[in-house]
>>> print(open('query-v2.cif').read())   # mmCIF, C-alpha atoms
data_run
loop_
_atom_site.group_PDB
_atom_site.id
_atom_site.type_symbol
_atom_site.label_atom_id
_atom_site.label_comp_id
_atom_site.auth_asym_id
_atom_site.auth_seq_id
_atom_site.Cartn_x
_atom_site.Cartn_y
_atom_site.Cartn_z
ATOM 1 C CA MET A 1 -25.208 6.155 -34.918
ATOM 2 C CA ALA A 2 -26.840 2.916 -33.840
ATOM 3 C CA ALA A 3 -26.152 1.556 -30.379
ATOM 4 C CA ALA A 4 -26.045 -1.985 -31.764
ATOM 5 C CA ASN A 5 -23.075 -4.275 -31.232
ATOM 6 C CA PRO A 6 -21.860 -2.645 -28.029
ATOM 7 C CA ALA A 7 -19.792 -5.721 -27.144
ATOM 8 C CA GLY A 8 -18.316 -8.739 -28.851
ATOM 9 C CA THR A 9 -17.008 -8.989 -32.400
ATOM 10 C CA ALA A 10 -18.747 -6.365 -34.501
ATOM 11 C CA ALA A 11 -19.161 -5.438 -38.138
ATOM 12 C CA PRO A 12 -16.627 -2.939 -39.524
ATOM 13 C CA ILE A 13 -17.065 0.669 -38.447
ATOM 14 C CA GLU A 14 -17.759 2.615 -41.619
ATOM 15 C CA TRP A 15 -16.390 6.099 -42.258
ATOM 16 C CA LYS A 16 -19.856 7.649 -42.099
ATOM 17 C CA ILE A 17 -20.192 6.353 -38.529
ATOM 18 C CA ILE A 18 -16.984 8.173 -37.589
ATOM 19 C CA VAL A 19 -18.221 11.369 -39.240
ATOM 20 C CA GLU A 20 -21.530 11.084 -37.375
ATOM 21 C CA ALA A 21 -19.694 10.502 -34.101
ATOM 22 C CA HIS A 22 -17.572 13.606 -34.695
ATOM 23 C CA GLU A 23 -20.658 15.718 -35.332
ATOM 24 C CA ARG A 24 -22.310 14.328 -32.199
ATOM 25 C CA ILE A 25 -19.438 15.132 -29.867
ATOM 26 C CA ARG A 26 -18.107 18.293 -31.531
ATOM 27 C CA PRO A 27 -20.215 20.761 -29.464
ATOM 28 C CA ARG A 28 -19.112 19.170 -26.188
ATOM 29 C CA ILE A 29 -15.364 18.541 -26.541
ATOM 30 C CA HIS A 30 -12.284 20.596 -27.335
ATOM 31 C CA ARG A 31 -10.676 20.459 -30.736
ATOM 32 C CA THR A 32 -7.258 20.008 -29.192
ATOM 33 C CA PRO A 33 -4.213 21.757 -30.664
ATOM 34 C CA VAL A 34 -1.377 20.138 -32.603
ATOM 35 C CA LEU A 35 1.908 21.359 -31.118
ATOM 36 C CA THR A 36 5.494 21.082 -32.358
ATOM 37 C CA SER A 37 8.949 21.317 -30.797
ATOM 38 C CA GLU A 38 12.132 22.053 -32.742
ATOM 39 C CA SER A 39 14.281 20.580 -29.979
ATOM 40 C CA LEU A 40 12.352 17.309 -29.960
ATOM 41 C CA ASP A 41 12.494 17.238 -33.778
ATOM 42 C CA ALA A 42 16.274 17.454 -33.542
ATOM 43 C CA LEU A 43 16.438 14.603 -31.030
ATOM 44 C CA ALA A 44 14.141 12.400 -33.108
ATOM 45 C CA GLY A 45 15.536 13.232 -36.540
ATOM 46 C CA ALA A 46 11.982 13.782 -37.728
ATOM 47 C CA ARG A 47 9.289 16.444 -37.703
ATOM 48 C CA LEU A 48 6.916 15.628 -34.858
ATOM 49 C CA TYR A 49 3.317 16.780 -34.544
ATOM 50 C CA PHE A 50 1.740 16.253 -31.126
ATOM 51 C CA LYS A 51 -2.043 15.889 -30.917
ATOM 52 C CA CYS A 52 -2.541 17.232 -27.399
ATOM 53 C CA GLU A 53 -5.375 15.236 -25.866
ATOM 54 C CA ASN A 54 -3.808 16.055 -22.497
ATOM 55 C CA LEU A 55 -5.529 19.414 -23.053
ATOM 56 C CA GLN A 56 -8.879 17.739 -23.697
ATOM 57 C CA LYS A 57 -11.863 18.008 -21.352
ATOM 58 C CA THR A 58 -11.387 15.619 -18.389
ATOM 59 C CA GLY A 59 -7.682 15.588 -19.314
ATOM 60 C CA SER A 60 -7.689 12.795 -21.895
ATOM 61 C CA PHE A 61 -9.026 11.533 -25.217
ATOM 62 C CA LYS A 62 -11.472 9.309 -23.340
ATOM 63 C CA ILE A 63 -14.166 12.002 -23.293
ATOM 64 C CA ARG A 64 -14.539 11.527 -27.060
ATOM 65 C CA GLY A 65 -15.654 7.907 -26.844
ATOM 66 C CA ALA A 66 -17.611 8.313 -23.629
ATOM 67 C CA THR A 67 -19.560 11.269 -25.007
ATOM 68 C CA ASN A 68 -20.340 9.466 -28.255
ATOM 69 C CA ALA A 69 -21.512 6.348 -26.421
ATOM 70 C CA ILE A 70 -23.621 8.084 -23.787
ATOM 71 C CA PHE A 71 -25.211 10.553 -26.199
ATOM 72 C CA SER A 72 -26.110 7.591 -28.448
ATOM 73 C CA LEU A 73 -28.236 6.054 -25.684
ATOM 74 C CA THR A 74 -32.013 6.120 -25.774
ATOM 75 C CA ASP A 75 -33.939 8.045 -23.139
ATOM 76 C CA GLU A 76 -34.928 4.725 -21.574
ATOM 77 C CA ASP A 77 -31.265 3.714 -21.326
ATOM 78 C CA VAL A 78 -30.439 7.042 -19.706
ATOM 79 C CA ARG A 79 -33.034 6.471 -16.995
ATOM 80 C CA ARG A 80 -31.212 3.264 -16.021
ATOM 81 C CA GLY A 81 -27.850 4.972 -15.484
ATOM 82 C CA VAL A 82 -24.489 3.776 -16.757
ATOM 83 C CA VAL A 83 -21.683 1.629 -15.352
ATOM 84 C CA THR A 84 -18.087 1.072 -16.393
ATOM 85 C CA HIS A 85 -14.697 -0.106 -15.157
ATOM 86 C CA SER A 86 -11.513 1.865 -15.641
ATOM 87 C CA SER A 87 -8.154 2.724 -14.123
ATOM 88 C CA GLY A 88 -9.059 6.387 -14.326
ATOM 89 C CA ASN A 89 -9.332 8.366 -17.552
ATOM 90 C CA HIS A 90 -12.328 6.506 -18.992
ATOM 91 C CA ALA A 91 -13.887 6.587 -15.533
ATOM 92 C CA ALA A 92 -13.701 10.375 -15.389
ATOM 93 C CA ALA A 93 -14.942 10.694 -18.962
ATOM 94 C CA VAL A 94 -17.975 8.483 -18.339
ATOM 95 C CA ALA A 95 -18.806 10.359 -15.131
ATOM 96 C CA CYS A 96 -18.553 13.684 -16.947
ATOM 97 C CA ALA A 97 -20.552 12.641 -20.009
ATOM 98 C CA ALA A 98 -23.183 11.024 -17.774
ATOM 99 C CA ARG A 99 -23.587 14.292 -15.897
ATOM 100 C CA TRP A 100 -23.983 16.151 -19.208
ATOM 101 C CA ARG A 101 -26.698 13.670 -20.212
ATOM 102 C CA GLY A 102 -28.409 13.872 -16.817
ATOM 103 C CA THR A 103 -27.835 10.315 -15.675
ATOM 104 C CA THR A 104 -25.932 8.477 -12.939
ATOM 105 C CA ALA A 105 -22.558 6.788 -13.339
ATOM 106 C CA SER A 106 -21.301 3.810 -11.325
ATOM 107 C CA ILE A 107 -17.537 3.490 -11.725
ATOM 108 C CA VAL A 108 -15.410 0.456 -10.869
ATOM 109 C CA MET A 109 -11.756 1.357 -10.293
ATOM 110 C CA PRO A 110 -8.763 -0.718 -9.135
ATOM 111 C CA LYS A 111 -7.772 0.057 -5.573
ATOM 112 C CA ASN A 112 -4.331 1.185 -6.768
ATOM 113 C CA ALA A 113 -5.730 3.775 -9.207
ATOM 114 C CA PRO A 114 -3.964 7.151 -8.951
ATOM 115 C CA ALA A 115 -5.579 9.433 -6.395
ATOM 116 C CA VAL A 116 -5.748 12.294 -8.904
ATOM 117 C CA LYS A 117 -7.927 10.166 -11.180
ATOM 118 C CA CYS A 118 -10.203 9.092 -8.337
ATOM 119 C CA ARG A 119 -10.704 12.713 -7.324
ATOM 120 C CA ALA A 120 -11.601 13.593 -10.900
ATOM 121 C CA VAL A 121 -14.285 10.883 -11.052
ATOM 122 C CA GLU A 122 -15.811 12.095 -7.804
ATOM 123 C CA SER A 123 -15.743 15.721 -8.968
ATOM 124 C CA TYR A 124 -17.920 14.751 -11.950
ATOM 125 C CA GLY A 125 -20.401 12.935 -9.720
ATOM 126 C CA GLY A 126 -19.326 9.354 -10.372
ATOM 127 C CA LYS A 127 -19.912 6.758 -7.632
ATOM 128 C CA ILE A 128 -16.726 4.699 -7.218
ATOM 129 C CA THR A 129 -16.543 1.031 -6.228
ATOM 130 C CA PHE A 130 -12.984 -0.194 -5.758
ATOM 131 C CA CYS A 131 -11.824 -3.647 -6.851
ATOM 132 C CA GLU A 132 -8.664 -5.710 -6.984
ATOM 133 C CA PRO A 133 -6.103 -4.433 -9.538
ATOM 134 C CA ASN A 134 -6.594 -7.047 -12.228
ATOM 135 C CA VAL A 135 -8.701 -7.443 -15.355
ATOM 136 C CA THR A 136 -10.953 -10.194 -13.976
ATOM 137 C CA SER A 137 -11.896 -8.299 -10.823
ATOM 138 C CA ARG A 138 -12.688 -5.135 -12.769
ATOM 139 C CA ALA A 139 -14.996 -6.940 -15.181
ATOM 140 C CA GLU A 140 -16.696 -9.079 -12.529
ATOM 141 C CA THR A 141 -17.359 -6.122 -10.227
ATOM 142 C CA ALA A 142 -18.824 -4.047 -13.048
ATOM 143 C CA SER A 143 -21.021 -6.964 -14.152
ATOM 144 C CA ARG A 144 -22.308 -7.383 -10.600
ATOM 145 C CA ILE A 145 -23.233 -3.698 -10.351
ATOM 146 C CA GLN A 146 -24.897 -3.855 -13.751
ATOM 147 C CA ALA A 147 -26.985 -6.853 -12.657
ATOM 148 C CA GLU A 148 -27.966 -5.163 -9.394
ATOM 149 C CA THR A 149 -28.861 -1.762 -10.850
ATOM 150 C CA GLY A 150 -29.846 -2.420 -14.466
ATOM 151 C CA ALA A 151 -27.330 0.213 -15.585
ATOM 152 C CA VAL A 152 -26.071 0.278 -19.170
ATOM 153 C CA MET A 153 -22.465 -0.871 -19.621
ATOM 154 C CA ILE A 154 -20.150 1.667 -21.252
ATOM 155 C CA HIS A 155 -17.116 -0.519 -21.857
ATOM 156 C CA PRO A 156 -13.754 1.291 -21.995
ATOM 157 C CA TYR A 157 -12.903 -0.036 -25.463
ATOM 158 C CA ASP A 158 -14.970 -3.079 -26.491
ATOM 159 C CA ASP A 159 -17.739 -0.945 -27.995
ATOM 160 C CA ASP A 160 -18.232 0.466 -31.506
ATOM 161 C CA ARG A 161 -19.484 3.754 -30.105
ATOM 162 C CA ILE A 162 -16.340 4.175 -28.015
ATOM 163 C CA ILE A 163 -14.000 3.317 -30.900
ATOM 164 C CA ALA A 164 -15.821 5.677 -33.273
ATOM 165 C CA GLY A 165 -15.495 8.474 -30.734
ATOM 166 C CA GLN A 166 -11.790 7.834 -30.187
ATOM 167 C CA SER A 167 -11.169 7.818 -33.943
ATOM 168 C CA THR A 168 -12.012 11.515 -34.096
ATOM 169 C CA ALA A 169 -8.664 12.478 -32.516
ATOM 170 C CA ALA A 170 -6.700 11.065 -35.466
ATOM 171 C CA LYS A 171 -9.295 12.429 -37.883
ATOM 172 C CA GLU A 172 -8.684 15.925 -36.530
ATOM 173 C CA LEU A 173 -4.911 15.427 -36.590
ATOM 174 C CA LEU A 174 -4.966 14.527 -40.303
ATOM 175 C CA GLU A 175 -7.332 17.399 -41.066
ATOM 176 C CA ASP A 176 -4.769 19.752 -39.528
ATOM 177 C CA ILE A 177 -1.576 18.051 -40.823
ATOM 178 C CA SER A 178 -2.511 16.250 -44.016
ATOM 179 C CA ASP A 179 0.930 15.068 -45.183
ATOM 180 C CA LEU A 180 2.016 12.887 -42.263
ATOM 181 C CA ASP A 181 4.016 9.732 -42.966
ATOM 182 C CA ALA A 182 3.017 7.898 -39.783
ATOM 183 C CA VAL A 183 1.048 8.196 -36.565
ATOM 184 C CA LEU A 184 2.120 6.725 -33.219
ATOM 185 C CA SER A 185 -0.433 6.024 -30.499
ATOM 186 C CA PRO A 186 -0.374 4.296 -27.099
ATOM 187 C CA VAL A 187 -2.193 0.983 -26.840
ATOM 188 C CA SER A 188 -3.990 -0.614 -23.899
ATOM 189 C CA GLY A 189 -7.392 -2.151 -24.590
ATOM 190 C CA GLY A 190 -7.074 -0.863 -28.135
ATOM 191 C CA GLY A 191 -9.924 1.644 -28.269
ATOM 192 C CA LEU A 192 -7.642 4.581 -29.051
ATOM 193 C CA LEU A 193 -5.285 2.639 -31.318
ATOM 194 C CA SER A 194 -8.032 0.964 -33.338
ATOM 195 C CA GLY A 195 -9.775 4.332 -33.550
ATOM 196 C CA THR A 196 -6.492 5.923 -34.652
ATOM 197 C CA CYS A 197 -6.172 3.340 -37.419
ATOM 198 C CA LEU A 198 -9.718 4.045 -38.583
ATOM 199 C CA GLY A 199 -9.513 7.823 -38.268
ATOM 200 C CA ALA A 200 -6.050 8.201 -39.802
ATOM 201 C CA LYS A 201 -6.291 5.652 -42.596
ATOM 202 C CA GLY A 202 -9.856 6.687 -43.354
ATOM 203 C CA THR A 203 -8.419 10.115 -44.096
ATOM 204 C CA LYS A 204 -5.146 8.975 -45.718
ATOM 205 C CA PRO A 205 -5.175 5.275 -46.649
ATOM 206 C CA GLY A 206 -1.410 4.939 -47.219
ATOM 207 C CA LEU A 207 -0.461 6.285 -43.809
ATOM 208 C CA LYS A 208 1.424 4.024 -41.388
ATOM 209 C CA VAL A 209 0.030 3.609 -37.882
ATOM 210 C CA TYR A 210 2.015 2.088 -35.010
ATOM 211 C CA GLY A 211 0.993 1.156 -31.506
ATOM 212 C CA CYS A 212 3.362 1.910 -28.630
ATOM 213 C CA GLU A 213 3.310 -0.236 -25.511
ATOM 214 C CA PRO A 214 5.250 -0.737 -22.255
ATOM 215 C CA GLU A 215 7.430 -3.840 -22.113
ATOM 216 C CA ARG A 216 5.713 -4.647 -18.810
ATOM 217 C CA ALA A 217 2.277 -4.666 -20.468
ATOM 218 C CA ASP A 218 3.045 -6.250 -23.822
ATOM 219 C CA ASP A 219 -0.128 -8.163 -24.667
ATOM 220 C CA ALA A 220 -0.774 -6.137 -27.847
ATOM 221 C CA TYR A 221 2.779 -6.787 -29.046
ATOM 222 C CA ARG A 222 2.435 -10.520 -28.369
ATOM 223 C CA SER A 223 -0.984 -10.579 -30.027
ATOM 224 C CA TRP A 224 0.366 -8.751 -33.074
ATOM 225 C CA LYS A 225 3.383 -11.071 -33.407
ATOM 226 C CA SER A 226 1.483 -14.319 -32.867
ATOM 227 C CA GLY A 227 -1.701 -13.444 -34.740
ATOM 228 C CA LYS A 228 -3.673 -14.688 -31.734
ATOM 229 C CA LEU A 229 -5.254 -12.597 -29.008
ATOM 230 C CA GLN A 230 -3.081 -12.573 -25.883
ATOM 231 C CA THR A 231 -4.213 -11.356 -22.468
ATOM 232 C CA LEU A 232 -2.511 -9.822 -19.463
ATOM 233 C CA GLU A 233 -4.194 -10.210 -16.097
ATOM 234 C CA SER A 234 -2.241 -7.418 -14.379
ATOM 235 C CA SER A 235 0.797 -5.174 -14.790
ATOM 236 C CA ASP A 236 2.934 -2.848 -12.689
ATOM 237 C CA THR A 237 3.980 -0.464 -15.466
ATOM 238 C CA ILE A 238 4.192 3.224 -14.573
ATOM 239 C CA ALA A 239 1.843 3.825 -17.524
ATOM 240 C CA ASP A 240 -1.242 3.068 -15.421
ATOM 241 C CA GLY A 241 -3.601 3.822 -18.303
ATOM 242 C CA LEU A 242 -2.124 0.990 -20.386
ATOM 243 C CA ARG A 243 -2.741 -1.993 -18.128
ATOM 244 C CA ALA A 244 -5.778 -3.436 -19.950
ATOM 245 C CA SER A 245 -5.701 -6.123 -22.652
ATOM 246 C CA LEU A 246 -7.059 -6.016 -26.189
ATOM 247 C CA ALA A 247 -10.583 -7.242 -26.870
ATOM 248 C CA PRO A 248 -11.562 -9.406 -29.869
ATOM 249 C CA ARG A 249 -13.193 -6.329 -31.424
ATOM 250 C CA THR A 250 -10.148 -4.076 -31.173
ATOM 251 C CA PHE A 251 -7.732 -6.846 -32.106
ATOM 252 C CA ALA A 252 -9.700 -7.556 -35.291
ATOM 253 C CA ILE A 253 -9.333 -3.911 -36.369
ATOM 254 C CA LEU A 254 -5.632 -3.873 -35.519
ATOM 255 C CA GLN A 255 -4.971 -7.107 -37.397
ATOM 256 C CA LYS A 256 -6.414 -5.512 -40.504
ATOM 257 C CA LEU A 257 -5.015 -1.979 -40.279
ATOM 258 C CA LEU A 258 -2.059 -1.715 -37.861
ATOM 259 C CA ASP A 259 1.517 -1.570 -39.186
ATOM 260 C CA GLY A 260 3.256 -2.709 -36.000
ATOM 261 C CA VAL A 261 3.689 -2.454 -32.226
ATOM 262 C CA LEU A 262 6.759 -0.860 -30.626
ATOM 263 C CA LEU A 263 7.782 -1.718 -27.059
ATOM 264 C CA VAL A 264 9.424 0.703 -24.622
ATOM 265 C CA SER A 265 11.049 0.302 -21.224
ATOM 266 C CA GLU A 266 9.972 2.002 -18.016
ATOM 267 C CA ALA A 267 13.099 4.183 -18.121
ATOM 268 C CA GLU A 268 12.284 5.258 -21.692
ATOM 269 C CA ILE A 269 8.746 6.179 -20.661
ATOM 270 C CA VAL A 270 9.952 8.383 -17.811
ATOM 271 C CA ALA A 271 12.639 10.015 -19.964
ATOM 272 C CA ALA A 272 10.140 10.838 -22.736
ATOM 273 C CA MET A 273 7.638 12.241 -20.240
ATOM 274 C CA LYS A 274 10.242 14.503 -18.653
ATOM 275 C CA LEU A 275 11.410 15.712 -22.065
ATOM 276 C CA ILE A 276 7.917 16.844 -22.970
ATOM 277 C CA TRP A 277 7.470 18.540 -19.600
ATOM 278 C CA GLU A 278 10.793 20.358 -20.000
ATOM 279 C CA ARG A 279 10.823 21.169 -23.711
ATOM 280 C CA MET A 280 7.137 21.729 -24.484
ATOM 281 C CA LYS A 281 6.041 23.069 -21.079
ATOM 282 C CA ILE A 282 2.941 20.876 -20.989
ATOM 283 C CA VAL A 283 1.970 18.143 -18.532
ATOM 284 C CA ILE A 284 1.435 14.635 -19.861
ATOM 285 C CA GLU A 285 0.997 11.348 -18.037
ATOM 286 C CA PRO A 286 3.258 8.308 -18.535
ATOM 287 C CA SER A 287 0.781 6.621 -20.883
ATOM 288 C CA SER A 288 1.133 9.561 -23.284
ATOM 289 C CA ALA A 289 4.939 9.415 -23.180
ATOM 290 C CA VAL A 290 4.830 5.825 -24.457
ATOM 291 C CA ALA A 291 3.955 7.198 -27.917
ATOM 292 C CA LEU A 292 7.062 9.408 -28.065
ATOM 293 C CA ALA A 293 9.588 7.060 -26.487
ATOM 294 C CA PRO A 294 10.249 4.717 -29.469
ATOM 295 C CA ILE A 295 11.158 7.477 -31.876
ATOM 296 C CA LEU A 296 13.706 8.988 -29.488
ATOM 297 C CA ARG A 297 15.930 5.922 -29.812
ATOM 298 C CA SER A 298 18.777 6.098 -32.319
ATOM 299 C CA SER A 299 17.041 3.251 -34.118
ATOM 300 C CA GLY A 300 13.568 4.713 -33.738
ATOM 301 C CA LEU A 301 12.998 5.843 -37.298
ATOM 302 C CA GLN A 302 14.505 2.659 -38.719
ATOM 303 C CA GLU A 303 12.111 0.649 -36.566
ATOM 304 C CA ILE A 304 9.167 2.227 -38.350
ATOM 305 C CA ALA A 305 10.809 1.894 -41.750
ATOM 306 C CA MET A 306 10.977 5.551 -42.657
ATOM 307 C CA ALA A 307 14.429 6.916 -41.801
ATOM 308 C CA GLN A 308 13.979 9.450 -44.592
ATOM 309 C CA ARG A 309 10.980 10.558 -46.607
ATOM 310 C CA ARG A 310 11.194 10.114 -50.342
ATOM 311 C CA GLY A 311 13.653 12.885 -51.167
ATOM 312 C CA ASP A 312 11.706 15.726 -49.563
ATOM 313 C CA GLY A 313 13.083 16.013 -46.061
ATOM 314 C CA PRO A 314 12.632 14.373 -42.658
ATOM 315 C CA ALA A 315 9.756 12.051 -41.891
ATOM 316 C CA LYS A 316 6.619 13.718 -40.556
ATOM 317 C CA VAL A 317 5.212 11.815 -37.602
ATOM 318 C CA GLY A 318 2.002 12.421 -35.687
ATOM 319 C CA ILE A 319 2.025 11.488 -31.996
ATOM 320 C CA ILE A 320 -1.157 11.101 -29.958
ATOM 321 C CA LEU A 321 -0.600 12.484 -26.463
ATOM 322 C CA SER A 322 -3.434 10.570 -24.869
ATOM 323 C CA GLY A 323 -3.776 12.356 -21.535
ATOM 324 C CA GLY A 324 -2.335 14.550 -18.812
ATOM 325 C CA ASN A 325 -3.780 13.191 -15.596
ATOM 326 C CA VAL A 326 -0.739 12.589 -13.440
ATOM 327 C CA GLU A 327 -0.110 12.985 -9.717
ATOM 328 C CA LEU A 328 2.421 15.810 -9.312
ATOM 329 C CA LYS A 329 4.280 15.651 -6.017
ATOM 330 C CA LEU A 330 6.911 18.133 -4.818
#
>>> encode(input="query-v2.cif", output="structure tokens")
Amino acid sequence: MAAANPAGTAAPIEWKIIVEAHERIRPRIHRTPVLTSESLDALAGARLYFKCENLQKTGSFKIRGATNAIFSLTDEDVRRGVVTHSSGNHAAAVACAARWRGTTASIVMPKNAPAVKCRAVESYGGKITFCEPNVTSRAETASRIQAETGAVMIHPYDDDRIIAGQSTAAKELLEDISDLDAVLSPVSGGGLLSGTCLGAKGTKPGLKVYGCEPERADDAYRSWKSGKLQTLESSDTIADGLRASLAPRTFAILQKLLDGVLLVSEAEIVAAMKLIWERMKIVIEPSSAVALAPILRSSGLQEIAMAQRRGDGPAKVGIILSGGNVELKL
């Protein structure tokens, strides 16, 4: 896969690029399981299939994109090291993949990033620089470090290599459960959601894909409704992994392929997270719970226009559980 067009508006990502990305990262990542829960099915009125990226290496889907991007670099690029900015999961993934490739990773993180995510970055050998908790500070600090060190930028989502890597989660989900009616995925900067659109619809073109977003970080929803890219400088949502804004690259993919964006409240996020902890006995972070929350409402299935499949039983819905890196305090 070419390393061209790492930033800015890019040409469409072809299916063969996704297949190549999957082959590149396959030896280094987990093929995460797809789990089900009869009790959650009953609450949702649908058959739910959870793609458990919380069980992925580094605890989130982010290792897919980071591995694809870093293992696409030339040897000369590797000698320069890499730099990125992230609230946590991408940071850990870049630090881990950089260590696998034998290079250094400079990581810019907001000063309010969860301690568990900071510890993960450090455990993989990443060098953290803290910044103010807003989009501008993150980008400016990373650009300064890049200028000072010559490191290669591995953007969290505005990069074809990242999107292609993230698309492999939905690709695997559809390979395992081929007759889904829809897939729900969290959305932040749009790397996972645009990759989900490409991976899912590349496998099954008629499938519906919906983004799920906190009401307190609703830039994707506003962008989708207005048809114009909207930004959000900062947010205090509990879903700390969903505080970034879409990029022109990810928005262009979503405009073409996405079927809608569903908003959820902070209370709905917490309730969905606790349900998964209690019913499925797995740990997810709030950002993951955002993808389950809409369908638990009494109107959830109507919102995604599939209250009943065409005469053959309940709707079958795939849900991307994006990560499980959460601070557990007793």
>>> resolve_selection(input="query-v2.cif", expression="the PyMOL selection byres ((chain A and resi 163) around 10)", output="PyMOL selection string")
chain A and resi 13+18+21+62+64-66+68-69+156-162+164-168+190-196+198-199+249-250
>>> write_last_selection(input="query-v2.cif", atoms="C-alpha atoms", output="compact mmCIF listing (two decimals), in the frame of the given file")
# COMPACT_ATOMS: atom_id res chain seq x y z
CA ILE A 13 -17.07 0.67 -38.45
CA ILE A 18 -16.98 8.17 -37.59
CA ALA A 21 -19.69 10.50 -34.10
CA LYS A 62 -11.47 9.31 -23.34
CA ARG A 64 -14.54 11.53 -27.06
CA GLY A 65 -15.65 7.91 -26.84
CA ALA A 66 -17.61 8.31 -23.63
CA ASN A 68 -20.34 9.47 -28.26
CA ALA A 69 -21.51 6.35 -26.42
CA PRO A 156 -13.75 1.29 -22.00
CA TYR A 157 -12.90 -0.04 -25.46
CA ASP A 158 -14.97 -3.08 -26.49
CA ASP A 159 -17.74 -0.94 -28.00
CA ASP A 160 -18.23 0.47 -31.51
CA ARG A 161 -19.48 3.75 -30.10
CA ILE A 162 -16.34 4.18 -28.02
CA ALA A 164 -15.82 5.68 -33.27
CA GLY A 165 -15.50 8.47 -30.73
CA GLN A 166 -11.79 7.83 -30.19
CA SER A 167 -11.17 7.82 -33.94
CA THR A 168 -12.01 11.52 -34.10
CA GLY A 190 -7.07 -0.86 -28.14
CA GLY A 191 -9.92 1.64 -28.27
CA LEU A 192 -7.64 4.58 -29.05
CA LEU A 193 -5.28 2.64 -31.32
CA SER A 194 -8.03 0.96 -33.34
CA GLY A 195 -9.78 4.33 -33.55
CA THR A 196 -6.49 5.92 -34.65
CA LEU A 198 -9.72 4.04 -38.58
CA GLY A 199 -9.51 7.82 -38.27
CA ARG A 249 -13.19 -6.33 -31.42
CA THR A 250 -10.15 -4.08 -31.17
>>> residues_around(input="query-v2.cif", residues="segment 139-142 of chain A", least_positions_apart="4", cutoff="9 Å", atoms="only C-alpha atoms", output="list of chain:residue names")
A:Val83, A:Thr84, A:His85, A:Ser106, A:Ile107, A:Val108, A:Thr129, A:Phe130, A:Cys131, A:Asn134, A:Val135, A:Gln146, A:Ala147, A:Met153
>>> closest_residue(input="query-v2.cif", among="A:Ser288, A:Ser226, A:Ser188, A:Thr103", to="Leu73 of chain A", atoms="all atoms listed in the file")
A:Thr103
>>> closest_residue(input="query-v2.cif", among="A:Val326, A:Leu180, A:Ala239, A:Arg99", to="Arg47 of chain A", atoms="all atoms listed in the file")
A:Leu180
>>> closest_residue(input="query-v2.cif", among="A:Ala315, A:Lys225, A:Gly324, A:Asp219", to="Trp277 of chain A", atoms="only C-alpha atoms")
A:Gly324
>>> decode(input="query-v2.cif", residues="segment 312-329 of chain A", atoms="C-alpha atoms", output="compact mmCIF listing (two decimals), in the first residue's frame")
# COMPACT_ATOMS: atom_id res chain seq x y z
CA ASP A 312 -37.62 -13.42 8.55
CA GLY A 313 -37.25 -12.35 12.15
CA PRO A 314 -35.59 -9.58 14.17
CA ALA A 315 -33.07 -7.21 12.66
CA LYS A 316 -29.45 -8.33 12.85
CA VAL A 317 -27.19 -5.51 13.95
CA GLY A 318 -23.42 -5.44 14.22
CA ILE A 319 -21.95 -3.20 16.93
CA ILE A 320 -18.30 -2.16 16.97
CA LEU A 321 -17.03 -2.13 20.56
CA SER A 322 -14.12 0.17 19.88
CA GLY A 323 -12.06 -0.26 23.05
CA GLY A 324 -11.80 -1.25 26.69
CA ASN A 325 -9.30 1.17 28.18
CA VAL A 326 -11.13 2.61 31.16
CA GLU A 327 -9.98 3.64 34.62
CA LEU A 328 -11.60 1.23 37.10
CA LYS A 329 -11.81 2.65 40.60
